[in-house]
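Structure file protein_22.txt (compact mmCIF, C-alpha atoms) follows.
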# COMPACT_ATOMS: atom_id res chain seq x y z
CA MET A 1 0.68 24.26 -19.58
CA SER A 2 -1.65 27.15 -20.35
CA GLU A 3 -4.31 27.78 -17.72
CA ASN A 4 -6.94 28.33 -20.42
CA VAL A 5 -6.08 25.27 -22.51
CA LYS A 6 -5.61 22.87 -19.60
CA ALA A 7 -8.43 24.05 -17.34
CA LYS A 8 -10.13 20.63 -17.49
CA MET A 9 -8.92 17.07 -17.09
CA LYS A 10 -10.16 13.51 -16.95
CA ALA A 11 -10.37 11.81 -13.57
CA LEU A 12 -11.94 8.84 -11.82
CA VAL A 13 -14.22 10.17 -9.10
CA GLN A 14 -15.77 8.00 -6.40
CA TYR A 15 -19.23 9.14 -5.31
CA ALA A 16 -20.45 6.14 -3.34
CA PRO A 17 -19.91 2.37 -3.12
CA PHE A 18 -20.12 0.91 -6.64
CA ASP A 19 -20.35 4.43 -8.05
CA ASN A 20 -17.07 5.47 -9.68
CA ARG A 21 -17.31 7.87 -12.61
CA TYR A 22 -14.72 8.65 -15.28
CA GLU A 23 -15.51 12.26 -15.95
CA THR A 24 -14.23 15.72 -16.80
CA VAL A 25 -13.30 17.88 -13.81
CA ASP A 26 -11.28 21.02 -13.15
CA VAL A 27 -7.50 20.87 -13.09
CA PRO A 28 -6.66 21.70 -9.46
CA ASP A 29 -5.39 25.15 -8.58
CA ILE A 30 -2.20 25.31 -6.55
CA GLY A 31 -1.17 27.69 -3.79
CA PRO A 32 2.25 29.28 -3.28
CA GLU A 33 3.63 26.22 -1.43
CA GLU A 34 2.03 23.56 -3.61
CA ILE A 35 2.90 21.55 -6.72
CA LEU A 36 0.90 20.63 -9.80
CA LEU A 37 1.81 17.11 -10.86
CA LYS A 38 1.22 15.56 -14.26
CA VAL A 39 0.38 12.01 -13.25
CA ARG A 40 2.27 9.32 -15.15
CA GLY A 41 0.87 6.31 -13.35
CA CYS A 42 -1.06 5.18 -10.28
CA GLY A 43 -1.40 1.70 -8.83
CA ILE A 44 -4.67 0.22 -7.65
CA CYS A 45 -4.45 -0.67 -3.97
CA ALA A 46 -6.49 -3.39 -2.30
CA GLY A 47 -7.93 -0.50 -0.29
CA ASP A 48 -9.22 1.07 -3.52
CA ILE A 49 -11.04 -2.16 -4.35
CA LYS A 50 -12.48 -2.37 -0.85
CA ALA A 51 -13.57 1.27 -1.08
CA TYR A 52 -15.39 0.57 -4.34
CA HIS A 53 -17.17 -2.36 -2.73
CA GLY A 54 -18.25 -0.32 0.30
CA GLY A 55 -15.78 -1.66 2.86
CA ILE A 56 -16.66 -0.60 6.38
CA ARG A 57 -13.09 0.57 7.03
CA ILE A 58 -13.63 3.32 4.43
CA TRP A 59 -17.38 3.98 4.46
CA GLY A 60 -18.06 3.25 8.12
CA SER A 61 -21.50 2.37 9.42
CA GLY A 62 -22.80 5.86 8.63
CA PRO A 63 -21.77 9.49 8.17
CA LYS A 64 -20.39 9.83 11.71
CA ASP A 65 -17.61 7.23 11.32
CA ARG A 66 -17.06 7.51 7.56
CA TYR A 67 -13.42 7.95 6.53
CA ILE A 68 -13.84 8.86 2.87
CA GLU A 69 -15.01 12.35 1.87
CA ALA A 70 -16.92 11.55 -1.30
CA PRO A 71 -17.06 12.63 -4.02
CA VAL A 72 -13.28 12.43 -4.31
CA ILE A 73 -10.64 11.39 -6.86
CA GLY A 74 -9.04 8.15 -5.65
CA GLY A 75 -5.53 6.78 -5.89
CA HIS A 76 -2.53 7.03 -3.55
CA GLU A 77 0.13 4.90 -5.33
CA PHE A 78 1.03 7.64 -7.80
CA TYR A 79 4.05 9.23 -9.41
CA GLY A 80 4.46 11.89 -12.05
CA GLU A 81 6.27 14.86 -13.50
CA ILE A 82 6.11 18.28 -11.88
CA LEU A 83 4.33 20.63 -14.25
CA ARG A 84 4.29 23.76 -12.16
CA THR A 85 5.27 24.85 -8.66
CA GLY A 86 3.97 27.61 -6.43
CA GLU A 87 6.18 30.67 -6.03
CA ASP A 88 7.32 29.62 -2.54
CA VAL A 89 8.47 26.12 -3.58
CA ALA A 90 12.27 26.13 -3.65
CA GLN A 91 13.30 22.46 -3.60
CA TRP A 92 11.42 21.31 -6.70
CA LYS A 93 11.08 22.52 -10.26
CA ALA A 94 9.11 21.75 -13.41
CA GLY A 95 10.33 18.55 -15.03
CA ASP A 96 11.31 16.76 -11.81
CA VAL A 97 9.88 13.23 -11.59
CA VAL A 98 8.61 12.54 -8.10
CA CYS A 99 6.25 10.60 -5.89
CA ALA A 100 4.77 11.62 -2.56
CA GLU A 101 4.00 9.63 0.54
CA GLN A 102 0.38 8.63 0.77
CA ILE A 103 -0.44 10.73 3.81
CA VAL A 104 -0.76 14.51 4.05
CA PRO A 105 0.16 15.18 7.69
CA CYS A 106 -1.43 18.15 9.40
CA GLY A 107 1.85 19.18 11.03
CA GLU A 108 0.01 20.36 14.15
CA CYS A 109 -1.26 17.35 16.11
CA ASP A 110 0.74 15.65 18.86
CA TYR A 111 1.90 12.86 16.55
CA CYS A 112 3.12 15.26 13.88
CA ARG A 113 4.93 17.40 16.45
CA ARG A 114 6.69 14.27 17.74
CA GLY A 115 7.72 13.26 14.21
CA ILE A 116 5.32 10.32 13.97
CA TYR A 117 3.61 11.96 11.02
CA TRP A 118 2.18 8.74 9.54
CA MET A 119 -0.05 8.48 12.63
CA CYS A 120 -1.39 12.04 12.14
CA GLN A 121 -4.72 12.40 13.93
CA LYS A 122 -6.36 13.88 10.83
CA SER A 123 -5.20 10.88 8.79
CA ALA A 124 -5.54 12.46 5.37
CA VAL A 125 -4.52 9.82 2.83
CA TYR A 126 -4.48 10.86 -0.81
CA GLY A 127 -7.56 9.69 -2.65
CA PHE A 128 -9.87 9.73 0.36
CA LYS A 129 -10.05 13.36 1.46
CA GLN A 130 -11.29 16.46 -0.37
CA HIS A 131 -8.08 18.43 0.22
CA ALA A 132 -5.95 15.45 -0.85
CA ALA A 133 -7.45 14.31 -4.15
CA GLY A 134 -5.58 11.32 -5.55
CA GLY A 135 -3.73 10.11 -8.60
CA PHE A 136 -6.56 8.55 -10.63
CA ALA A 137 -6.43 11.67 -12.80
CA GLN A 138 -4.39 13.42 -15.45
CA TYR A 139 -3.19 16.02 -12.94
CA MET A 140 -3.15 16.32 -9.17
CA LYS A 141 -2.13 18.83 -6.55
CA LEU A 142 0.56 17.98 -4.04
CA HIS A 143 -0.52 19.65 -0.82
CA LYS A 144 2.01 21.92 0.87
CA ASN A 145 2.44 19.36 3.66
CA SER A 146 3.19 16.53 1.24
CA ILE A 147 6.36 14.51 1.77
CA VAL A 148 7.84 14.43 -1.73
CA HIS A 149 10.63 12.16 -3.00
CA ARG A 150 12.67 12.31 -6.19
CA ILE A 151 12.55 9.25 -8.44
CA PRO A 152 15.82 8.23 -10.12
CA ALA A 153 15.91 8.85 -13.86
CA GLU A 154 16.53 5.18 -14.61
CA PHE A 155 13.36 3.96 -12.88
CA THR A 156 10.72 2.38 -15.10
CA PRO A 157 7.06 3.39 -14.75
CA GLN A 158 6.45 0.07 -13.02
CA GLN A 159 9.20 0.63 -10.46
CA SER A 160 7.96 4.16 -9.82
CA VAL A 161 4.40 3.03 -9.11
CA LEU A 162 5.66 0.32 -6.76
CA ILE A 163 7.51 2.67 -4.39
CA GLU A 164 4.47 3.40 -2.23
CA PRO A 165 3.19 -0.17 -1.74
CA ILE A 166 6.69 -1.56 -1.15
CA ALA A 167 7.31 1.20 1.41
CA CYS A 168 4.23 0.03 3.32
CA GLY A 169 5.58 -3.52 3.21
CA MET A 170 8.99 -2.41 4.47
CA HIS A 171 7.39 -0.76 7.51
CA ALA A 172 5.63 -4.02 8.40
CA VAL A 173 8.86 -6.00 8.05
CA GLU A 174 10.66 -3.51 10.30
CA LEU A 175 7.94 -3.85 12.95
CA ALA A 176 8.41 -7.62 12.92
CA GLU A 177 11.98 -7.20 14.25
CA ILE A 178 13.16 -10.28 12.37
CA GLY A 179 16.21 -12.04 13.78
CA HIS A 180 18.57 -14.53 12.20
CA GLU A 181 17.05 -17.52 14.01
CA ASP A 182 13.46 -16.65 13.19
CA VAL A 183 11.02 -18.58 11.05
CA VAL A 184 8.94 -15.93 9.30
CA VAL A 185 5.55 -16.46 7.68
CA VAL A 186 4.14 -13.92 5.22
CA ALA A 187 0.44 -14.56 4.57
CA GLY A 188 -0.82 -13.07 1.32
CA LEU A 189 1.51 -12.96 -1.67
CA GLY A 190 0.22 -10.02 -3.64
CA ALA A 191 2.65 -7.34 -4.76
CA ILE A 192 3.25 -6.12 -1.20
CA GLY A 193 3.40 -9.62 0.26
CA LEU A 194 5.97 -10.71 -2.32
CA SER A 195 8.03 -7.61 -1.55
CA MET A 196 7.83 -8.43 2.15
CA VAL A 197 9.11 -11.94 1.42
CA ASN A 198 11.99 -10.31 -0.47
CA MET A 199 12.77 -7.83 2.33
CA ALA A 200 12.35 -10.40 5.10
CA LYS A 201 14.84 -12.64 3.31
CA LEU A 202 17.35 -9.77 3.21
CA ARG A 203 17.41 -9.94 7.03
CA LEU A 204 18.78 -13.51 6.75
CA PRO A 205 16.35 -15.33 9.04
CA ALA A 206 16.34 -19.11 9.44
CA LYS A 207 13.42 -19.51 7.05
CA VAL A 208 10.83 -17.48 5.16
CA ILE A 209 7.50 -19.15 4.38
CA GLY A 210 4.93 -17.64 2.00
CA LEU A 211 1.21 -18.44 2.06
CA ASP A 212 -1.46 -17.70 -0.53
CA VAL A 213 -4.60 -19.38 -1.85
CA LYS A 214 -3.65 -18.68 -5.49
CA ASP A 215 -1.17 -21.09 -7.04
CA PHE A 216 0.27 -18.38 -9.32
CA ARG A 217 1.24 -16.34 -6.28
CA VAL A 218 2.52 -19.39 -4.42
CA ALA A 219 4.98 -19.97 -7.27
CA LYS A 220 5.94 -16.29 -7.30
CA GLY A 221 6.78 -16.50 -3.61
CA LEU A 222 9.70 -18.79 -4.41
CA GLU A 223 10.94 -16.32 -7.05
CA PHE A 224 10.98 -13.54 -4.45
CA GLY A 225 13.01 -15.48 -1.91
CA ALA A 226 10.70 -17.71 0.11
CA ASP A 227 12.29 -20.96 1.24
CA VAL A 228 8.89 -22.66 1.28
CA THR A 229 5.47 -21.67 -0.07
CA MET A 230 2.10 -23.22 0.67
CA ASN A 231 -1.52 -22.94 -0.38
CA PRO A 232 -3.79 -23.03 2.73
CA SER A 233 -6.77 -24.03 0.58
CA LYS A 234 -4.97 -27.22 -0.50
CA GLU A 235 -3.01 -28.35 2.54
CA ASP A 236 -2.90 -28.14 6.32
CA VAL A 237 -0.34 -25.37 6.69
CA THR A 238 -0.42 -25.50 10.50
CA LYS A 239 0.53 -29.17 10.49
CA ARG A 240 3.29 -28.62 7.94
CA ILE A 241 4.80 -25.57 9.66
CA LEU A 242 4.76 -27.33 13.01
CA ALA A 243 6.63 -30.20 11.35
CA LEU A 244 9.19 -27.76 9.91
CA THR A 245 9.75 -26.14 13.33
CA GLU A 246 9.91 -29.20 15.60
CA GLY A 247 6.43 -28.44 16.88
CA ARG A 248 7.10 -24.88 18.03
CA GLY A 249 5.47 -22.86 15.26
CA CYS A 250 6.74 -19.75 13.52
CA ASP A 251 8.39 -16.82 15.28
CA VAL A 252 6.84 -14.12 13.10
CA TYR A 253 3.53 -13.99 11.22
CA ILE A 254 2.93 -11.00 8.94
CA GLU A 255 -0.69 -10.81 7.79
CA ALA A 256 -0.85 -9.21 4.34
CA SER A 257 -3.93 -10.82 2.81
CA GLY A 258 -6.73 -8.84 4.43
CA SER A 259 -8.59 -12.11 4.96
CA GLY A 260 -10.29 -12.71 8.30
CA VAL A 261 -9.43 -16.42 8.15
CA SER A 262 -5.75 -15.51 8.07
CA VAL A 263 -5.95 -13.92 11.54
CA SER A 264 -6.94 -17.13 13.32
CA GLN A 265 -4.48 -19.02 11.13
CA GLY A 266 -1.67 -16.74 12.26
CA LEU A 267 -2.53 -17.02 15.95
CA SER A 268 -2.53 -20.79 15.55
CA LEU A 269 0.79 -20.90 13.69
CA LEU A 270 2.75 -18.69 16.08
CA ARG A 271 4.91 -20.17 18.82
CA ASN A 272 4.78 -18.99 22.43
CA HIS A 273 6.13 -15.40 22.56
CA GLY A 274 5.69 -15.11 18.81
CA ARG A 275 5.16 -11.79 16.99
CA TYR A 276 2.12 -11.01 14.85
CA VAL A 277 2.09 -7.99 12.50
CA GLN A 278 -1.20 -6.90 10.91
CA MET A 279 -0.57 -5.19 7.59
CA GLY A 280 -3.52 -6.25 5.41
CA VAL A 281 -6.73 -4.18 5.42
CA PHE A 282 -10.03 -5.97 6.05
CA ALA A 283 -13.30 -5.17 4.32
CA ASP A 284 -15.29 -6.07 7.46
CA LYS A 285 -14.78 -6.61 11.17
CA VAL A 286 -12.84 -9.74 12.13
CA SER A 287 -13.29 -12.09 15.11
CA ALA A 288 -10.62 -14.31 16.67
CA ASP A 289 -9.97 -16.17 19.93
CA TRP A 290 -8.29 -13.38 21.90
CA ASN A 291 -7.32 -15.79 24.71
CA VAL A 292 -4.63 -17.26 22.46
CA ILE A 293 -2.82 -13.91 22.62
CA GLY A 294 -2.76 -13.49 26.38
CA ASP A 295 -3.60 -16.50 28.49
CA GLY A 296 -2.38 -18.88 25.78
CA LYS A 297 0.86 -17.80 24.08
CA GLU A 298 1.70 -14.32 25.40
CA LEU A 299 2.02 -13.00 21.87
CA THR A 300 3.18 -9.59 20.72
CA ILE A 301 0.62 -8.02 18.39
CA LYS A 302 1.57 -5.04 16.24
CA GLY A 303 -0.37 -3.07 13.67
CA SER A 304 1.39 -1.67 10.62
CA HIS A 305 0.05 1.62 9.25
CA LEU A 306 1.32 3.24 6.05
CA SER A 307 5.03 3.64 5.35
CA ALA A 308 6.75 5.48 8.21
CA ARG A 309 9.93 7.01 6.75
CA THR A 310 10.69 4.05 4.48
CA PHE A 311 10.40 5.78 1.08
CA PRO A 312 14.10 6.73 0.80
CA ALA A 313 15.23 3.21 1.73
CA VAL A 314 12.83 1.63 -0.76
CA ILE A 315 13.97 3.94 -3.56
CA GLU A 316 17.62 3.09 -2.83
CA GLY A 317 16.81 -0.62 -2.49
CA ILE A 318 15.14 -0.68 -5.90
CA ARG A 319 17.94 1.40 -7.45
CA ALA A 320 20.62 -0.93 -6.06
CA GLY A 321 18.74 -4.07 -7.10
CA TRP A 322 18.25 -5.45 -3.59
CA ILE A 323 14.49 -5.00 -3.77
CA LYS A 324 13.02 -6.91 -6.69
CA THR A 325 10.33 -5.36 -8.84
CA GLU A 326 10.32 -7.45 -12.02
CA GLY A 327 6.84 -8.85 -12.65
CA LEU A 328 5.12 -7.18 -9.69
CA VAL A 329 3.14 -4.88 -12.00
CA SER A 330 1.19 -7.55 -13.81
CA HIS A 331 -1.29 -5.38 -15.75
CA SER A 332 -1.57 -1.82 -17.01
CA PHE A 333 -4.68 -0.03 -18.27
CA HIS A 334 -5.59 3.46 -19.40
CA LEU A 335 -7.60 5.35 -16.80
CA ALA A 336 -10.65 5.23 -19.08
CA GLN A 337 -10.52 1.41 -18.74
CA TRP A 338 -10.81 1.60 -14.96
CA GLU A 339 -13.67 -0.89 -14.80
CA LYS A 340 -11.61 -3.57 -16.53
CA ALA A 341 -8.64 -2.67 -14.34
CA PHE A 342 -10.61 -3.01 -11.10
CA GLU A 343 -12.15 -6.27 -12.32
CA THR A 344 -8.70 -7.61 -13.19
CA ALA A 345 -7.23 -6.61 -9.83
CA GLN A 346 -10.03 -8.40 -8.02
CA GLU A 347 -10.70 -11.49 -10.14
CA ASP A 348 -7.69 -12.35 -12.32
CA ASP A 349 -5.61 -15.06 -10.62
CA THR A 350 -2.49 -13.73 -12.33
CA ALA A 351 -2.98 -10.15 -11.14
CA LEU A 352 -0.47 -8.67 -8.70
CA LYS A 353 -0.24 -4.87 -8.99
CA VAL A 354 -2.54 -3.30 -11.58
CA MET A 355 -1.52 0.14 -12.82
CA LEU A 356 -3.62 2.91 -14.33
CA THR A 357 -2.11 5.47 -16.71
CA PRO A 358 -3.92 8.74 -17.58
Now, as a test, write the supplied structure out as structure tokens.
Amino acid sequence: MSENVKAKMKALVQYAPFDNRYETVDVPDIGPEEILLKVRGCGICAGDIKAYHGGIRIWGSGPKDRYIEAPVIGGHEFYGEILRTGEDVAQWKAGDVVCAEQIVPCGECDYCRRGIYWMCQKSAVYGFKQHAAGGFAQYMKLHKNSIVHRIPAEFTPQQSVLIEPIACGMHAVELAEIGHEDVVVVAGLGAIGLSMVNMAKLRLPAKVIGLDVKDFRVAKGLEFGADVTMNPSKEDVTKRILALTEGRGCDVYIEASGSGVSVSQGLSLLRNHGRYVQMGVFADKVSADWNVIGDGKELTIKGSHLSARTFPAVIEGIRAGWIKTEGLVSHSFHLAQWEKAFETAQEDDTALKVMLTP
């Protein structure tokens, strides 16, 4: 790529809530330890939708607690082909097809020094920070601290885009510490939720139950390995799960919907000494009866953040066929059609993962 010819590119830049702009910007410059990536595809995360709609988790209540550094190019579920590397990059070369983990760790904070890089205090996720512009663009820079992974040559574009979201799901499933006698509930059967059903089933528990308010996803849950699926908007799932478990409730509840109602539902469904894993991201603050956790059931509550060293396992799982991907990317749009893509991701009942291609 000639510097003069390719000095500009198209990108989707977020300026403020409800203010995304498809515009011409500079192709990023790279330093000696950085990589210039030609983006081949980038998935739309539920977090991207919440960011567009002004979710408090991203925009905060004001400048002091705002996470996003707008204006910034969004997108963290990306993959692409290396176009050029800095002179000090030895492991990678032009033509390699790669993805990178969604976080750019600082490498200096206590968490990074202890190897818990996904909990980096600076928490720079691609697509939200100025120095980590995302994959909703024709080209992007992989920061020198990026954790880069090679994608097998046989992977389809859809499989490549799914690596990041499935890796997040795998981390949540690992945190649940699923045993063979456990009844596991996964609430929210989007692309990540379906993958979590798949990966939970690989641990051979007593039963995996999938919940979603969309009938299309409820049916998909069975395809991805759920023993039972239910629609909470159409039946009393607490009553039914108690009947399936001789009145005890489930052992594990993984919340993947990002719905506040699902939190109370999970606390109600869990048995005494049950385990709750929060993976979904909420647009607003959520309230629940906290007494159920302590004085009531003595529950274990865990939060699941990002992907935590799961990328290699996910890539191998997809390559070997253990992790299913067929049908998880339900729609694909050109980046210029981002408005239709975002609308589809939010409103189409048949949408799972929506992908943008530059």
| Who sits within 9 Å of A:Val39, all atoms listed in the file, same chain under 2 positions skipped, as a ChimeraX atom specification | /A:37,41-42,78-82,135-140,357-358
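Atom CA of A:Asn272 lies 14.1 Å from atom CA of A:Val184.
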| field | Neighbour residues at most 6 Å from (-12.2, 22.3, -16.4) (all atoms listed in the file) as JSON, numbers by chain | value | {"A": [7, 8, 25, 26, 27]}
| said: Give me the residues near A:Ser307 as a list in words, where near means some atom within 12 Å (using all atoms listed in the file) and where sequence neighbours in that chain fewer than 6 positions away do not count. | reply: Glu77, Ala100, Glu101, Gln102, Ile103, Ile116, Tyr117, Trp118, Met119, Val125, Ile147, Ile163, Glu164, Pro165, Ile166, Ala167, Cys168, Gly169, Met170, His171, Ala172, Val173, Glu174, Leu175, Ile192, Met279, Ala313 and Val314 of chain A
For the selection just defined, write its residues with C-alpha atoms to a file, as a PDB file, keeping the file's coordinate frame.
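Result written to result13.pdb:
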ATOM      1  CA  GLU A  77       0.130   4.900  -5.330  1.00  0.00           C
ATOM      2  CA  ALA A 100       4.770  11.620  -2.560  1.00  0.00           C
ATOM      3  CA  GLU A 101       4.000   9.630   0.540  1.00  0.00           C
ATOM      4  CA  GLN A 102       0.380   8.630   0.770  1.00  0.00           C
ATOM      5  CA  ILE A 103      -0.440  10.730   3.810  1.00  0.00           C
ATOM      6  CA  ILE A 116       5.320  10.320  13.970  1.00  0.00           C
ATOM      7  CA  TYR A 117       3.610  11.960  11.020  1.00  0.00           C
ATOM      8  CA  TRP A 118       2.180   8.740   9.540  1.00  0.00           C
ATOM      9  CA  MET A 119      -0.050   8.480  12.630  1.00  0.00           C
ATOM     10  CA  VAL A 125      -4.520   9.820   2.830  1.00  0.00           C
ATOM     11  CA  ILE A 147       6.360  14.510   1.770  1.00  0.00           C
ATOM     12  CA  ILE A 163       7.510   2.670  -4.390  1.00  0.00           C
ATOM     13  CA  GLU A 164       4.470   3.400  -2.230  1.00  0.00           C
ATOM     14  CA  PRO A 165       3.190  -0.170  -1.740  1.00  0.00           C
ATOM     15  CA  ILE A 166       6.690  -1.560  -1.150  1.00  0.00           C
ATOM     16  CA  ALA A 167       7.310   1.200   1.410  1.00  0.00           C
ATOM     17  CA  CYS A 168       4.230   0.030   3.320  1.00  0.00           C
ATOM     18  CA  GLY A 169       5.580  -3.520   3.210  1.00  0.00           C
ATOM     19  CA  MET A 170       8.990  -2.410   4.470  1.00  0.00           C
ATOM     20  CA  HIS A 171       7.390  -0.760   7.510  1.00  0.00           C
ATOM     21  CA  ALA A 172       5.630  -4.020   8.400  1.00  0.00           C
ATOM     22  CA  VAL A 173       8.860  -6.000   8.050  1.00  0.00           C
ATOM     23  CA  GLU A 174      10.660  -3.510  10.300  1.00  0.00           C
ATOM     24  CA  LEU A 175       7.940  -3.850  12.950  1.00  0.00           C
ATOM     25  CA  ILE A 192       3.250  -6.120  -1.200  1.00  0.00           C
ATOM     26  CA  MET A 279      -0.570  -5.190   7.590  1.00  0.00           C
ATOM     27  CA  ALA A 313      15.230   3.210   1.730  1.00  0.00           C
ATOM     28  CA  VAL A 314      12.830   1.630  -0.760  1.00  0.00           C
TER      29      VAL A 314
END
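Of the residues under consideration (A:Ile254, A:Ala206, A:Cys120, A:Ile151), A:Ile254 shows the shortest atom-to-atom contact distance to A:Ala187 when counting all atoms listed in the file.
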Dump of stretch 124-138 of chain A from preceding block, N, CA and C atoms, as an mmCIF file, in the first residue's frame:
data_model
loop_
_atom_site.group_PDB
_atom_site.id
_atom_site.type_symbol
_atom_site.label_atom_id
_atom_site.label_comp_id
_atom_site.auth_asym_id
_atom_site.auth_seq_id
_atom_site.Cartn_x
_atom_site.Cartn_y
_atom_site.Cartn_z
ATOM 1 N N ALA A 124 -8.323 -0.247 28.351
ATOM 2 C CA ALA A 124 -8.444 0.304 27.002
ATOM 3 C C ALA A 124 -8.947 -0.769 26.045
ATOM 4 N N VAL A 125 -10.242 -0.765 25.788
ATOM 5 C CA VAL A 125 -10.843 -1.706 24.846
ATOM 6 C C VAL A 125 -10.913 -1.040 23.478
ATOM 7 N N TYR A 126 -10.527 -1.797 22.459
ATOM 8 C CA TYR A 126 -10.582 -1.265 21.102
ATOM 9 C C TYR A 126 -11.975 -0.701 20.805
ATOM 10 N N GLY A 127 -11.988 0.440 20.152
ATOM 11 C CA GLY A 127 -13.245 1.054 19.758
ATOM 12 C C GLY A 127 -13.812 2.043 20.753
ATOM 13 N N PHE A 128 -13.115 2.198 21.906
ATOM 14 C CA PHE A 128 -13.608 3.118 22.923
ATOM 15 C C PHE A 128 -12.570 4.156 23.339
ATOM 16 N N LYS A 129 -11.308 3.915 23.010
ATOM 17 C CA LYS A 129 -10.242 4.814 23.426
ATOM 18 C C LYS A 129 -9.508 5.381 22.214
ATOM 19 N N GLN A 130 -9.003 6.598 22.348
ATOM 20 C CA GLN A 130 -8.348 7.281 21.231
ATOM 21 C C GLN A 130 -7.133 6.500 20.720
ATOM 22 N N HIS A 131 -6.346 5.919 21.631
ATOM 23 C CA HIS A 131 -5.144 5.205 21.193
ATOM 24 C C HIS A 131 -5.430 3.769 20.770
ATOM 25 N N ALA A 132 -6.711 3.382 20.824
ATOM 26 C CA ALA A 132 -7.107 2.022 20.444
ATOM 27 C C ALA A 132 -8.357 2.093 19.570
ATOM 28 N N ALA A 133 -8.241 2.822 18.460
ATOM 29 C CA ALA A 133 -9.368 2.938 17.528
ATOM 30 C C ALA A 133 -9.725 1.553 16.995
ATOM 31 N N GLY A 134 -11.023 1.334 16.748
ATOM 32 C CA GLY A 134 -11.507 -0.006 16.471
ATOM 33 C C GLY A 134 -11.604 -0.400 15.013
ATOM 34 N N GLY A 135 -12.336 -1.499 14.797
ATOM 35 C CA GLY A 135 -12.382 -2.162 13.505
ATOM 36 C C GLY A 135 -13.523 -1.776 12.599
ATOM 37 N N PHE A 136 -14.308 -0.745 12.939
ATOM 38 C CA PHE A 136 -15.331 -0.242 12.017
ATOM 39 C C PHE A 136 -14.652 0.709 11.027
ATOM 40 N N ALA A 137 -13.723 0.176 10.269
ATOM 41 C CA ALA A 137 -12.908 0.993 9.367
ATOM 42 C C ALA A 137 -12.252 0.087 8.333
ATOM 43 N N GLN A 138 -11.711 0.702 7.297
ATOM 44 C CA GLN A 138 -10.994 -0.077 6.293
ATOM 45 C C GLN A 138 -9.649 -0.562 6.816
#
